[in-house]
$ cat query.txt   # compact mmCIF, C-alpha atoms
# COMPACT_ATOMS: atom_id res chain seq x y z
CA MET A 1 -5.79 -21.91 20.37
CA SER A 2 -7.73 -24.58 18.48
CA ILE A 3 -9.21 -23.45 15.14
CA PHE A 4 -12.15 -25.34 13.63
CA LEU A 5 -14.05 -25.10 10.33
CA SER A 6 -17.79 -25.16 9.80
CA SER A 7 -19.98 -24.71 6.73
CA LYS A 8 -22.88 -23.83 9.05
CA ALA A 9 -23.71 -20.24 9.97
CA ALA A 10 -22.65 -18.97 13.38
CA SER A 11 -25.36 -18.62 16.01
CA ALA A 12 -27.19 -15.29 16.12
CA GLN A 13 -25.26 -14.04 19.16
CA TRP A 14 -22.16 -13.59 16.98
CA GLY A 15 -23.96 -11.39 14.47
CA LYS A 16 -25.44 -11.88 11.04
CA SER A 17 -23.07 -13.70 8.67
CA ALA A 18 -20.34 -13.83 11.34
CA LEU A 19 -17.01 -15.18 10.11
CA LEU A 20 -15.83 -16.30 13.55
CA SER A 21 -17.43 -17.66 16.69
CA TYR A 22 -15.78 -18.43 20.01
CA SER A 23 -16.15 -21.09 22.67
CA ASP A 24 -14.14 -22.66 25.47
CA GLY A 25 -12.91 -25.19 22.90
CA GLY A 26 -11.49 -22.58 20.55
CA ILE A 27 -12.47 -20.54 17.49
CA THR A 28 -14.69 -21.71 14.63
CA ILE A 29 -14.41 -20.29 11.11
CA HIS A 30 -17.79 -20.20 9.37
CA TYR A 31 -17.76 -20.28 5.59
CA LYS A 32 -19.97 -20.68 2.56
CA LYS A 33 -18.84 -23.63 0.47
CA GLU A 34 -18.25 -21.60 -2.69
CA LEU A 35 -16.11 -19.10 -0.71
CA LYS A 36 -14.31 -21.47 1.64
CA LEU A 37 -10.71 -20.50 0.90
CA ASP A 38 -11.51 -16.80 0.88
CA ALA A 39 -13.21 -17.11 4.27
CA ILE A 40 -10.29 -19.05 5.74
CA GLN A 41 -7.77 -16.47 4.56
CA ARG A 42 -9.85 -13.61 5.97
CA ALA A 43 -10.18 -15.51 9.23
CA GLY A 44 -6.41 -15.94 9.38
CA ARG A 45 -6.03 -12.15 9.13
CA LYS A 46 -8.57 -11.55 11.89
CA ILE A 47 -7.09 -14.14 14.23
CA GLU A 48 -3.56 -12.78 13.76
CA SER A 49 -4.79 -9.24 14.42
CA GLN A 50 -6.18 -10.44 17.75
CA GLY A 51 -2.65 -11.33 18.85
CA ILE A 52 -3.18 -15.10 18.87
CA GLY A 53 0.31 -16.49 18.30
CA HIS A 54 -0.32 -20.22 18.60
CA CYS A 55 -2.94 -21.91 16.42
CA LYS A 56 -3.84 -25.58 16.13
CA LEU A 57 -5.91 -26.46 13.08
CA GLU A 58 -8.34 -29.19 14.17
CA GLY A 59 -11.42 -31.04 13.04
CA GLU A 60 -12.87 -31.70 9.59
CA GLY A 61 -12.26 -29.73 6.41
CA TRP A 62 -8.61 -28.83 6.87
CA ASP A 63 -7.19 -30.05 3.57
CA LEU A 64 -3.93 -28.77 2.06
CA GLU A 65 -5.48 -25.67 0.51
CA ALA A 66 -7.32 -24.76 3.70
CA ASN A 67 -4.07 -25.00 5.69
CA TRP A 68 -2.26 -22.87 3.13
CA HIS A 69 -4.89 -20.15 2.85
CA PHE A 70 -5.05 -19.82 6.62
CA TRP A 71 -1.31 -19.13 6.54
CA LEU A 72 -1.65 -16.63 3.67
CA GLY A 73 -3.97 -14.54 5.81
CA TYR A 74 -2.28 -15.17 9.14
CA ARG A 75 1.27 -14.34 8.06
CA GLN A 76 2.48 -10.77 8.43
CA PRO A 77 6.01 -9.35 8.04
CA LYS A 78 6.83 -8.53 11.66
CA SER A 79 5.59 -11.61 13.48
CA HIS A 80 5.54 -14.55 11.07
CA HIS A 81 8.87 -15.85 12.37
CA ILE A 82 7.47 -16.30 15.89
CA ALA A 83 4.01 -17.53 14.89
CA LYS A 84 3.38 -21.18 15.68
CA ILE A 85 0.92 -23.19 13.64
CA GLU A 86 0.09 -26.83 14.31
CA TRP A 87 -1.10 -28.01 10.92
CA SER A 88 -3.92 -30.46 10.44
CA LYS A 89 -3.24 -34.06 9.52
CA LEU A 90 -2.16 -34.33 5.89
CA SER A 91 -0.81 -37.07 3.66
CA GLN A 92 2.96 -37.43 3.28
CA LYS A 93 2.79 -35.90 -0.20
CA GLU A 94 0.71 -32.96 1.08
CA VAL A 95 3.11 -32.39 3.98
CA LEU A 96 6.01 -32.14 1.53
CA GLU A 97 4.09 -29.71 -0.70
CA LEU A 98 3.15 -27.54 2.28
CA LYS A 99 6.75 -27.56 3.52
CA ASN A 100 8.02 -26.46 0.10
CA ARG A 101 5.44 -23.68 -0.15
CA LEU A 102 6.37 -22.43 3.30
CA LEU A 103 10.06 -22.41 2.41
CA ILE A 104 9.82 -20.97 -1.09
CA ILE A 105 6.82 -18.64 -1.08
CA ASP A 106 7.72 -17.28 2.33
CA TRP A 107 11.25 -16.75 0.98
CA THR A 108 9.73 -14.83 -1.94
CA ARG A 109 7.70 -12.62 0.38
CA ASP A 110 10.65 -11.98 2.69
CA CYS A 111 12.92 -11.18 -0.26
CA ILE A 112 10.46 -8.60 -1.63
CA ASN A 113 9.89 -7.10 1.83
CA GLN A 114 13.63 -6.65 2.40
CA PRO A 115 14.70 -2.99 2.87
CA ALA A 116 16.63 -1.72 -0.13
CA GLU A 117 19.60 -0.77 2.06
CA GLU A 118 19.97 -4.44 2.99
CA GLN A 119 19.56 -5.79 -0.55
CA SER A 120 21.95 -4.52 -3.18
CA PRO A 121 21.79 -5.85 -6.76
CA MET A 122 24.58 -8.30 -5.94
CA GLN A 123 22.93 -9.40 -2.70
CA LEU A 124 19.66 -10.01 -4.56
CA ALA A 125 21.39 -12.07 -7.25
CA GLN A 126 23.24 -14.09 -4.61
CA ARG A 127 20.12 -14.61 -2.51
CA CYS A 128 18.25 -16.00 -5.53
CA THR A 129 21.15 -18.28 -6.39
CA ASP A 130 21.32 -19.57 -2.81
CA LEU A 131 17.62 -20.45 -2.84
CA LEU A 132 17.91 -22.52 -6.01
CA ALA A 133 21.13 -24.16 -4.83
CA SER A 134 19.30 -25.33 -1.70
CA PHE A 135 16.93 -27.39 -3.90
CA THR A 136 19.23 -28.76 -6.57
CA ARG A 137 22.86 -29.42 -7.44
CA HIS A 138 22.12 -29.20 -11.16
CA ILE A 139 22.85 -25.49 -11.58
CA ASN A 140 25.69 -23.45 -12.98
CA TYR A 141 25.73 -19.70 -12.77
CA LYS A 142 27.76 -16.56 -13.20
CA PHE A 143 27.42 -12.91 -12.23
CA ILE A 144 28.25 -10.20 -14.76
CA VAL A 145 28.89 -7.05 -12.74
CA GLY A 146 29.39 -3.32 -13.31
CA ASP A 147 31.74 -2.36 -16.15
CA GLU A 148 31.80 -5.99 -17.27
CA LEU A 149 28.21 -5.45 -18.42
CA LYS A 150 29.34 -2.60 -20.67
CA ASN A 151 32.24 -4.67 -21.98
CA ASN A 152 29.78 -7.43 -22.93
CA ASN A 153 27.31 -4.97 -24.49
CA TYR A 154 24.55 -5.36 -21.90
CA MET A 155 23.85 -1.67 -22.30
CA GLY A 156 20.33 -1.44 -20.88
CA LEU A 157 21.25 -2.88 -17.50
CA TYR A 158 24.56 -1.05 -17.41
CA THR A 159 22.97 2.31 -18.26
CA VAL A 160 20.21 2.08 -15.66
CA GLY A 161 22.53 0.86 -12.91
CA LYS A 162 25.54 3.13 -13.40
CA GLY A 163 24.05 5.92 -11.31
CA SER A 164 24.45 3.87 -8.11
CA ASN A 165 27.61 3.07 -6.16
CA ARG A 166 26.18 -0.47 -5.88
CA PRO A 167 26.98 -1.90 -9.33
CA PRO A 168 24.34 -3.54 -11.52
CA VAL A 169 24.43 -7.31 -11.92
CA LEU A 170 23.17 -9.79 -14.49
CA LEU A 171 22.68 -13.29 -13.07
CA GLU A 172 22.87 -16.04 -15.68
CA LEU A 173 21.79 -19.35 -14.15
CA ASP A 174 21.48 -22.67 -15.96
CA TYR A 175 19.36 -25.47 -14.46
CA ASN A 176 20.27 -28.60 -16.40
CA PRO A 177 19.28 -31.85 -14.65
CA SER A 178 20.41 -33.89 -17.69
CA LYS A 179 24.04 -32.73 -17.17
CA ASN A 180 24.27 -32.67 -20.98
CA ASN A 181 25.61 -29.32 -22.18
CA ASP A 182 24.12 -29.96 -25.62
CA MET A 183 20.61 -30.33 -24.23
CA PRO A 184 18.32 -27.65 -25.72
CA VAL A 185 16.95 -24.98 -23.40
CA THR A 186 13.21 -25.50 -23.06
CA VAL A 187 12.35 -22.35 -21.12
CA CYS A 188 14.09 -19.06 -20.40
CA LEU A 189 12.92 -17.04 -17.41
CA ILE A 190 13.73 -13.35 -17.01
CA GLY A 191 13.14 -11.23 -13.90
CA LYS A 192 13.32 -7.51 -13.24
CA GLY A 193 15.45 -6.92 -10.16
CA ILE A 194 15.42 -3.16 -9.51
CA THR A 195 16.44 -3.16 -5.86
CA PHE A 196 15.36 0.44 -5.42
CA ASP A 197 13.65 2.70 -7.93
CA SER A 198 13.79 6.42 -7.23
CA GLY A 199 12.63 7.09 -10.78
CA GLY A 200 16.04 8.57 -11.59
CA TYR A 201 15.88 12.13 -12.92
CA SER A 202 12.18 11.54 -13.64
CA LEU A 203 11.92 11.48 -9.86
CA LYS A 204 8.98 9.75 -8.21
CA PRO A 205 7.02 11.57 -5.48
CA SER A 206 7.51 10.10 -2.00
CA SER A 207 4.08 8.46 -1.98
CA PHE A 208 5.09 6.38 -5.01
CA MET A 209 8.69 5.81 -3.93
CA GLU A 210 8.01 4.44 -0.45
CA SER A 211 7.18 0.94 -1.72
CA MET A 212 10.04 0.73 -4.22
CA ARG A 213 11.85 -1.86 -2.15
CA SER A 214 9.46 -4.16 -4.02
CA ASP A 215 10.56 -3.20 -7.54
CA MET A 216 12.65 -6.38 -7.63
CA GLY A 217 9.44 -8.41 -7.18
CA GLY A 218 9.65 -9.91 -10.67
CA ALA A 219 13.09 -11.37 -9.96
CA ALA A 220 11.94 -12.86 -6.65
CA LEU A 221 8.72 -14.19 -8.14
CA ILE A 222 10.34 -15.94 -11.10
CA THR A 223 13.09 -17.38 -8.88
CA GLY A 224 10.53 -18.71 -6.41
CA ALA A 225 8.54 -20.25 -9.25
CA LEU A 226 11.59 -22.07 -10.60
CA ALA A 227 12.49 -23.30 -7.11
CA LEU A 228 8.98 -24.64 -6.50
CA ALA A 229 8.91 -26.30 -9.92
CA ILE A 230 12.24 -27.99 -9.14
CA ALA A 231 10.90 -29.11 -5.76
CA ARG A 232 7.89 -30.60 -7.59
CA GLY A 233 10.13 -32.54 -9.99
CA LEU A 234 11.01 -30.29 -12.95
CA ASN A 235 13.19 -32.42 -15.24
CA TYR A 236 14.19 -30.30 -18.25
CA ARG A 237 16.67 -27.50 -18.90
CA VAL A 238 15.77 -23.95 -17.87
CA LYS A 239 17.84 -20.78 -17.96
CA LEU A 240 17.20 -17.89 -15.59
CA TYR A 241 18.30 -14.30 -16.18
CA LEU A 242 17.91 -11.73 -13.42
CA CYS A 243 18.53 -8.08 -14.31
CA CYS A 244 19.48 -6.40 -11.02
CA ALA A 245 20.22 -2.70 -10.47
CA ASP A 246 19.42 0.43 -8.47
CA ASN A 247 17.76 3.31 -10.34
CA LEU A 248 19.11 6.38 -8.55
CA VAL A 249 20.01 10.03 -9.10
CA SER A 250 23.69 10.99 -9.24
CA GLY A 251 26.27 12.65 -11.44
CA SER A 252 26.71 9.40 -13.33
CA ALA A 253 23.02 8.50 -13.64
CA PHE A 254 21.48 8.25 -17.09
CA LYS A 255 19.57 11.27 -18.36
CA LEU A 256 16.62 12.17 -20.53
CA GLY A 257 17.71 12.33 -24.15
CA ASP A 258 20.38 9.63 -23.77
CA ILE A 259 20.31 6.87 -26.36
CA ILE A 260 20.95 3.18 -25.64
CA ASN A 261 22.19 1.03 -28.50
CA TYR A 262 21.31 -2.61 -27.87
CA ARG A 263 23.23 -5.52 -29.34
CA ASN A 264 20.34 -6.44 -31.68
CA LYS A 265 20.84 -3.01 -33.32
CA VAL A 266 17.70 -1.47 -31.78
CA SER A 267 18.34 2.05 -30.46
CA VAL A 268 16.23 3.54 -27.67
CA GLU A 269 15.87 7.20 -26.69
CA ILE A 270 15.40 7.85 -22.97
CA GLU A 271 12.24 9.92 -22.58
CA ASN A 272 11.55 8.95 -18.96
CA THR A 273 14.15 7.52 -16.58
CA ASP A 274 11.32 6.04 -14.51
CA ALA A 275 10.55 3.65 -17.39
CA GLU A 276 13.74 1.76 -16.55
CA GLY A 277 12.40 -1.75 -16.03
CA ARG A 278 11.88 -2.35 -19.75
CA LEU A 279 15.44 -1.16 -20.39
CA VAL A 280 17.01 -3.80 -18.15
CA LEU A 281 14.61 -6.56 -19.21
CA ALA A 282 15.61 -5.97 -22.84
CA ASP A 283 19.08 -7.36 -22.08
CA GLY A 284 17.62 -10.44 -20.42
CA LEU A 285 15.24 -11.04 -23.31
CA LEU A 286 18.11 -10.78 -25.80
CA CYS A 287 19.97 -13.44 -23.80
CA ALA A 288 16.90 -15.67 -23.84
CA ASP A 289 16.46 -15.16 -27.57
CA SER A 290 20.05 -16.16 -28.25
CA ASP A 291 19.50 -19.39 -26.29
CA ASN A 292 16.82 -20.40 -28.82
CA ALA A 293 14.54 -21.43 -25.96
CA LYS A 294 11.19 -22.88 -26.93
CA TYR A 295 9.40 -20.69 -24.38
CA ILE A 296 10.21 -17.30 -22.83
CA ILE A 297 8.56 -15.91 -19.69
CA ASP A 298 9.44 -12.60 -18.06
CA CYS A 299 8.18 -11.16 -14.78
CA ALA A 300 8.41 -7.53 -13.77
CA THR A 301 6.77 -4.90 -11.60
CA LEU A 302 6.76 -2.91 -14.80
CA THR A 303 3.93 -0.36 -14.85
CA GLY A 304 1.56 1.54 -12.63
CA ALA A 305 -0.92 1.17 -15.46
CA ALA A 306 -1.30 -2.54 -14.74
CA LYS A 307 -2.22 -1.76 -11.13
CA VAL A 308 -4.74 0.83 -12.29
CA ALA A 309 -6.28 -1.84 -14.53
CA VAL A 310 -6.50 -4.73 -12.05
CA GLY A 311 -5.51 -3.32 -8.66
CA ASN A 312 -3.35 -5.47 -6.42
CA ASP A 313 -5.75 -8.37 -6.75
CA TYR A 314 -4.47 -9.91 -9.98
CA GLN A 315 -1.15 -10.50 -11.67
CA SER A 316 -1.40 -9.03 -15.16
CA LEU A 317 -0.65 -11.25 -18.16
CA LEU A 318 0.18 -9.91 -21.63
CA SER A 319 0.97 -12.04 -24.67
CA PHE A 320 0.46 -12.30 -28.42
CA ASP A 321 0.15 -16.11 -28.03
CA ASP A 322 -3.41 -17.14 -27.10
CA ILE A 323 -2.55 -20.81 -26.54
CA PHE A 324 0.40 -20.11 -24.26
CA ALA A 325 -1.56 -17.46 -22.35
CA SER A 326 -4.43 -19.89 -21.81
CA LYS A 327 -2.01 -22.43 -20.33
CA LEU A 328 -0.93 -19.92 -17.70
CA LEU A 329 -4.51 -18.94 -16.92
CA GLN A 330 -5.40 -22.62 -16.47
CA SER A 331 -2.37 -23.08 -14.20
CA ALA A 332 -3.52 -20.09 -12.14
CA ASP A 333 -6.98 -21.65 -11.77
CA ASN A 334 -5.40 -24.93 -10.70
CA GLU A 335 -3.36 -23.16 -8.03
CA HIS A 336 -6.13 -20.84 -6.75
CA GLU A 337 -4.26 -17.70 -7.80
CA ALA A 338 -5.56 -14.67 -9.69
CA PHE A 339 -4.22 -13.67 -13.11
CA TRP A 340 -5.94 -11.39 -15.63
CA ARG A 341 -5.03 -11.01 -19.28
CA LEU A 342 -4.62 -7.44 -20.57
CA PRO A 343 -4.64 -6.53 -24.28
CA LEU A 344 -1.52 -6.70 -26.43
CA ALA A 345 -1.81 -6.07 -30.16
CA GLU A 346 0.43 -5.23 -33.09
CA PHE A 347 -0.60 -1.56 -33.07
CA HIS A 348 0.80 -1.16 -29.56
CA ARG A 349 4.27 -1.61 -31.08
CA GLN A 350 3.90 1.69 -32.94
CA GLN A 351 3.12 3.80 -29.88
CA PHE A 352 6.60 4.92 -28.81
CA PRO A 353 8.08 6.92 -31.68
CA SER A 354 11.39 8.79 -31.39
CA SER A 355 12.99 11.51 -33.50
CA PHE A 356 16.49 10.39 -32.54
CA ALA A 357 16.34 6.59 -32.17
CA ASP A 358 14.38 3.61 -33.42
CA ILE A 359 11.98 3.83 -30.49
CA GLY A 360 11.46 5.83 -27.30
CA ASN A 361 11.20 4.18 -23.91
CA SER A 362 8.08 5.93 -22.66
CA GLY A 363 5.27 5.80 -25.19
CA LEU A 364 2.70 8.27 -26.43
CA PRO A 365 0.37 9.95 -23.89
CA ASN A 366 -3.12 8.57 -23.37
CA THR A 367 -2.20 5.05 -24.44
CA ALA A 368 -2.48 1.78 -22.51
CA GLY A 369 0.69 1.87 -20.43
CA ALA A 370 0.89 -1.83 -19.57
CA SER A 371 0.28 -2.79 -23.20
CA THR A 372 2.84 -0.40 -24.66
CA ALA A 373 5.43 -1.52 -22.09
CA ALA A 374 4.93 -5.13 -23.16
CA ALA A 375 5.04 -4.07 -26.82
CA PHE A 376 8.38 -2.35 -26.15
CA LEU A 377 9.78 -5.64 -24.85
CA SER A 378 8.71 -7.39 -28.04
CA TYR A 379 11.45 -5.53 -29.94
CA PHE A 380 13.98 -7.76 -28.19
CA ILE A 381 12.46 -11.13 -29.14
CA LYS A 382 12.64 -12.25 -32.76
CA ASP A 383 9.53 -14.45 -32.68
CA TYR A 384 7.57 -12.32 -30.25
CA ARG A 385 4.18 -13.57 -31.42
CA ASN A 386 4.80 -17.14 -30.26
CA ASN A 387 5.66 -18.78 -26.94
CA TRP A 388 6.35 -15.58 -25.00
CA LEU A 389 4.54 -14.43 -21.85
CA HIS A 390 5.01 -11.13 -20.05
CA ILE A 391 3.80 -10.90 -16.44
CA ASP A 392 3.32 -7.37 -15.09
CA CYS A 393 3.34 -8.13 -11.38
CA SER A 394 0.41 -6.07 -10.14
CA ALA A 395 -0.27 -8.30 -7.12
CA THR A 396 3.30 -8.58 -5.87
CA PHE A 397 3.14 -6.02 -3.05
CA ARG A 398 0.45 -4.21 -1.06
CA LYS A 399 1.15 -0.84 0.51
CA SER A 400 -1.57 -1.37 3.11
CA ALA A 401 -3.37 -4.31 4.68
CA THR A 402 -6.71 -5.66 3.47
CA ALA A 403 -9.17 -8.22 4.78
CA LEU A 404 -7.13 -10.91 3.02
CA TRP A 405 -3.53 -9.68 3.14
CA ALA A 406 -1.10 -8.06 5.52
CA THR A 407 0.90 -5.08 4.27
CA GLY A 408 3.79 -6.15 2.04
CA ALA A 409 4.57 -8.92 -0.40
CA THR A 410 1.99 -11.58 -1.24
CA GLY A 411 3.88 -14.32 -3.09
CA VAL A 412 0.99 -14.59 -5.56
CA GLY A 413 2.11 -16.13 -8.84
CA VAL A 414 4.83 -18.47 -7.59
CA ARG A 415 2.51 -21.47 -7.63
CA SER A 416 0.91 -20.65 -10.99
CA LEU A 417 4.23 -20.25 -12.78
CA ALA A 418 5.64 -23.41 -11.17
CA ASN A 419 2.51 -25.27 -12.31
CA LEU A 420 2.96 -23.89 -15.83
CA LEU A 421 6.61 -24.95 -15.99
CA LEU A 422 5.61 -28.52 -15.16
CA THR A 423 3.18 -28.59 -18.10
CA LEU A 424 5.76 -27.53 -20.71
CA LYS A 425 8.01 -29.96 -22.60
$ encode --input "query.txt" --output "structure tokens"
Amino acid sequence: MSIFLSSKAASAQWGKSALLSYSDGGITIHYKKELKLDAIQRAGRKIESQGIGHCKLEGEGWDLEANWHFWLGYRQPKSHHIAKIEWSKLSQKEVLELKNRLLIIDWTRDCINQPAEEQSPMQLAQRCTDLLASFTRHINYKFIVGDELKNNNYMGLYTVGKGSNRPPVLLELDYNPSKNNDMPVTVCLIGKGITFDSGGYSLKPSSFMESMRSDMGGAALITGALALAIARGLNYRVKLYLCCADNLVSGSAFKLGDIINYRNKVSVEIENTDAEGRLVLADGLLCADSDNAKYIIDCATLTGAAKVAVGNDYQSLLSFDDIFASKLLQSADNEHEAFWRLPLAEFHRQQFPSSFADIGNSGLPNTAGASTAAAFLSYFIKDYRNNWLHIDCSATFRKSATALWATGATGVGVRSLANLLLTLK
């Protein structure tokens, strides 16, 4: 089926403000210039829902972004592998960029959509490593698994993951195109990789647990971003830490009242086992801090509070560093992706007191959950006020379809973070 674009309104027979019109020659997408990409993505959803499995993008107006946004709407988890799109004519550079997006962002969406039974912590860590290895030879990596985490004092990740018969894993990956082991680390990236989150003994209700295959979305997102940045020519040293575990209920699972002693001498009382993401990220942040990286970025599906604040439409950004935060927001604008900055202030760091440890892991009631979660993480970065970004991945996964998106993972954020990485030196 041929698909055309038009900035002119459809004829009256198709209805007032019709998005689509039909003829013997194919389907025309009608858009307003200021909402072109939005209209194309919505049209992709409608055309896919009509069972049209072969689309040829023809005529004027099909630039790179138009091609891509059609695919964002058209793609859905069950049929994307059999869908056939004939892309419009693009330049050689644009063809390469589109190819890389299709490989990497589709990989990110597939990875997040993967059933938890088919993606253990080790399988997730290996899958992320395989993606990066397919784009570069300049990586070294190791997996720290199970009891080895305890032996190396990675107590947050070990504690959260020990309740599962699938052992927790820390992936340490070093991308170093210079091949010089003395080259400073410019950026450290940390991803939350909870491959299934039952909530532990603070058990989630089924309606909240059903989408917890996606609780490793931060790990997939940050890996995809690094892969796309490498594909676009990233030429400095980056380290990636993925904190991968199941959060399950068992005789060996961690319990309320337990205390975790981290290697930076911060002790944490467990007040809610469903606030586990911050516990595993703490180990990754401590690794990043010890690398003396100039910049630190972490990504995590960390709080329901972020989704309450911005829905599934934006990725949430929290940072003490206005300049660094503005760089990410500019990168998001450049890549046509939606990020929204939520508040993070010094007083948020005082909102999780504990009678038995330095801090609790849950926070006081009636406080800003996304902000206090980010403030918790700041205890594991020495210079937390500078060059650190926390992404609470609100837009990673949708439990139901919308006019723009199919049910499941979106891949939003991969492009913005890749763009950001290419602006840092």
$ atom_distance --input "query.txt" --atom1 "CA of Lys46 in chain A" --atom2 "CA of Val308 in chain A"
27.4 Å
$ closest_residue --input "query.txt" --among "A:Ser319, A:Gln351, A:Asn153, A:Thr159" --to "Tyr384 in chain A" --atoms "only C-alpha atoms"
A:Ser319
$ atom_distance --input "query.txt" --atom1 "CA of Gly217 in chain A" --atom2 "CA of Ile112 in chain A"
5.6 Å
$ atom_distance --input "query.txt" --atom1 "CA of Phe376 in chain A" --atom2 "CA of Asp147 in chain A"
25.4 Å
$ closest_residue --input "query.txt" --among "A:Asp283, A:Glu94, A:Asn387, A:Gly233" --to "Ile323 in chain A" --atoms "only C-alpha atoms"
A:Asn387
$ closest_residue --input "query.txt" --among "A:Ala43, A:Lys179, A:Ala288, A:Lys425" --to "Leu234 in chain A" --atoms "all atoms listed in the file"
A:Lys425
$ closest_residue --input "query.txt" --among "A:Ile40, A:Cys111, A:Met122, A:Ala332" --to "Asn419 in chain A" --atoms "all atoms listed in the file"
A:Ala332
$ closest_residue --input "query.txt" --among "A:Ser134, A:Ser7, A:Thr396, A:Gln50" --to "Thr28 in chain A" --atoms "all atoms listed in the file"
A:Ser7
$ closest_residue --input "query.txt" --among "A:Asp38, A:Asp110, A:Asp174, A:Glu86" --to "Cys55 in chain A" --atoms "only C-alpha atoms"
A:Glu86
$ residues_around --input "query.txt" --residues "range 299-307 of chain A" --least-positions-apart "2" --cutoff "7 Å" --atoms "all atoms listed in the file" --output "ChimeraX atom specification"
/A:190-192,215,217-219,222,277,297,309-312,316,369-370,390-394
$ write_last_selection --input "query.txt" --atoms "C-alpha atoms" --output "PDB file, in the frame of the given file"
ATOM      1  CA  ILE A 190      13.730 -13.350 -17.010  1.00  0.00           C
ATOM      2  CA  GLY A 191      13.140 -11.230 -13.900  1.00  0.00           C
ATOM      3  CA  LYS A 192      13.320  -7.510 -13.240  1.00  0.00           C
ATOM      4  CA  ASP A 215      10.560  -3.200  -7.540  1.00  0.00           C
ATOM      5  CA  GLY A 217       9.440  -8.410  -7.180  1.00  0.00           C
ATOM      6  CA  GLY A 218       9.650  -9.910 -10.670  1.00  0.00           C
ATOM      7  CA  ALA A 219      13.090 -11.370  -9.960  1.00  0.00           C
ATOM      8  CA  ILE A 222      10.340 -15.940 -11.100  1.00  0.00           C
ATOM      9  CA  GLY A 277      12.400  -1.750 -16.030  1.00  0.00           C
ATOM     10  CA  ILE A 297       8.560 -15.910 -19.690  1.00  0.00           C
ATOM     11  CA  ALA A 309      -6.280  -1.840 -14.530  1.00  0.00           C
ATOM     12  CA  VAL A 310      -6.500  -4.730 -12.050  1.00  0.00           C
ATOM     13  CA  GLY A 311      -5.510  -3.320  -8.660  1.00  0.00           C
ATOM     14  CA  ASN A 312      -3.350  -5.470  -6.420  1.00  0.00           C
ATOM     15  CA  SER A 316      -1.400  -9.030 -15.160  1.00  0.00           C
ATOM     16  CA  GLY A 369       0.690   1.870 -20.430  1.00  0.00           C
ATOM     17  CA  ALA A 370       0.890  -1.830 -19.570  1.00  0.00           C
ATOM     18  CA  HIS A 390       5.010 -11.130 -20.050  1.00  0.00           C
ATOM     19  CA  ILE A 391       3.800 -10.900 -16.440  1.00  0.00           C
ATOM     20  CA  ASP A 392       3.320  -7.370 -15.090  1.00  0.00           C
ATOM     21  CA  CYS A 393       3.340  -8.130 -11.380  1.00  0.00           C
ATOM     22  CA  SER A 394       0.410  -6.070 -10.140  1.00  0.00           C
TER      23      SER A 394
END
$ closest_atom_pairs --input "query.txt" --of "range 108-170 of chain A" --to "range 250-254 of chain A" --cutoff "10 Å" --atoms "all atoms listed in the file" --output "Markdown table"
| residue | atom | partner | partner_atom | distance |
| --- | --- | --- | --- | --- |
| A:Tyr158 | CA | A:Phe254 | CA | 9.8 |
| A:Thr159 | CA | A:Phe254 | CA | 6.2 |
| A:Val160 | CA | A:Phe254 | CA | 6.5 |
| A:Gly161 | CA | A:Ala253 | CA | 7.7 |
| A:Lys162 | CA | A:Ala253 | CA | 5.9 |
| A:Gly163 | CA | A:Ala253 | CA | 3.6 |
| A:Ser164 | CA | A:Ser250 | CA | 7.2 |
| A:Asn165 | CA | A:Ser250 | CA | 9.4 |
$ decode --input "query.txt" --residues "range 219-228 of chain A" --atoms "N, CA and C atoms" --output "mmCIF file, in the first residue's frame"
data_model
loop_
_atom_site.group_PDB
_atom_site.id
_atom_site.type_symbol
_atom_site.label_atom_id
_atom_site.label_comp_id
_atom_site.auth_asym_id
_atom_site.auth_seq_id
_atom_site.Cartn_x
_atom_site.Cartn_y
_atom_site.Cartn_z
ATOM 1 N N ALA A 219 18.287 -0.351 32.277
ATOM 2 C CA ALA A 219 19.465 -1.031 31.743
ATOM 3 C C ALA A 219 19.408 -1.097 30.217
ATOM 4 N N ALA A 220 18.244 -1.444 29.674
ATOM 5 C CA ALA A 220 18.105 -1.517 28.217
ATOM 6 C C ALA A 220 18.257 -0.145 27.582
ATOM 7 N N LEU A 221 17.655 0.862 28.199
ATOM 8 C CA LEU A 221 17.708 2.215 27.654
ATOM 9 C C LEU A 221 19.136 2.744 27.611
ATOM 10 N N ILE A 222 19.878 2.608 28.691
ATOM 11 C CA ILE A 222 21.229 3.166 28.736
ATOM 12 C C ILE A 222 22.169 2.387 27.822
ATOM 13 N N THR A 223 21.931 1.071 27.675
ATOM 14 C CA THR A 223 22.739 0.272 26.751
ATOM 15 C C THR A 223 22.459 0.684 25.312
ATOM 16 N N GLY A 224 21.176 0.841 24.976
ATOM 17 C CA GLY A 224 20.829 1.289 23.631
ATOM 18 C C GLY A 224 21.422 2.648 23.309
ATOM 19 N N ALA A 225 21.405 3.551 24.292
ATOM 20 C CA ALA A 225 21.963 4.884 24.076
ATOM 21 C C ALA A 225 23.452 4.823 23.795
ATOM 22 N N LEU A 226 24.173 4.003 24.546
ATOM 23 C CA LEU A 226 25.609 3.861 24.303
ATOM 24 C C LEU A 226 25.864 3.253 22.930
ATOM 25 N N ALA A 227 25.076 2.246 22.556
ATOM 26 C CA ALA A 227 25.251 1.624 21.239
ATOM 27 C C ALA A 227 25.013 2.627 20.114
ATOM 28 N N LEU A 228 23.957 3.444 20.238
ATOM 29 C CA LEU A 228 23.671 4.419 19.186
ATOM 30 C C LEU A 228 24.745 5.495 19.145
#
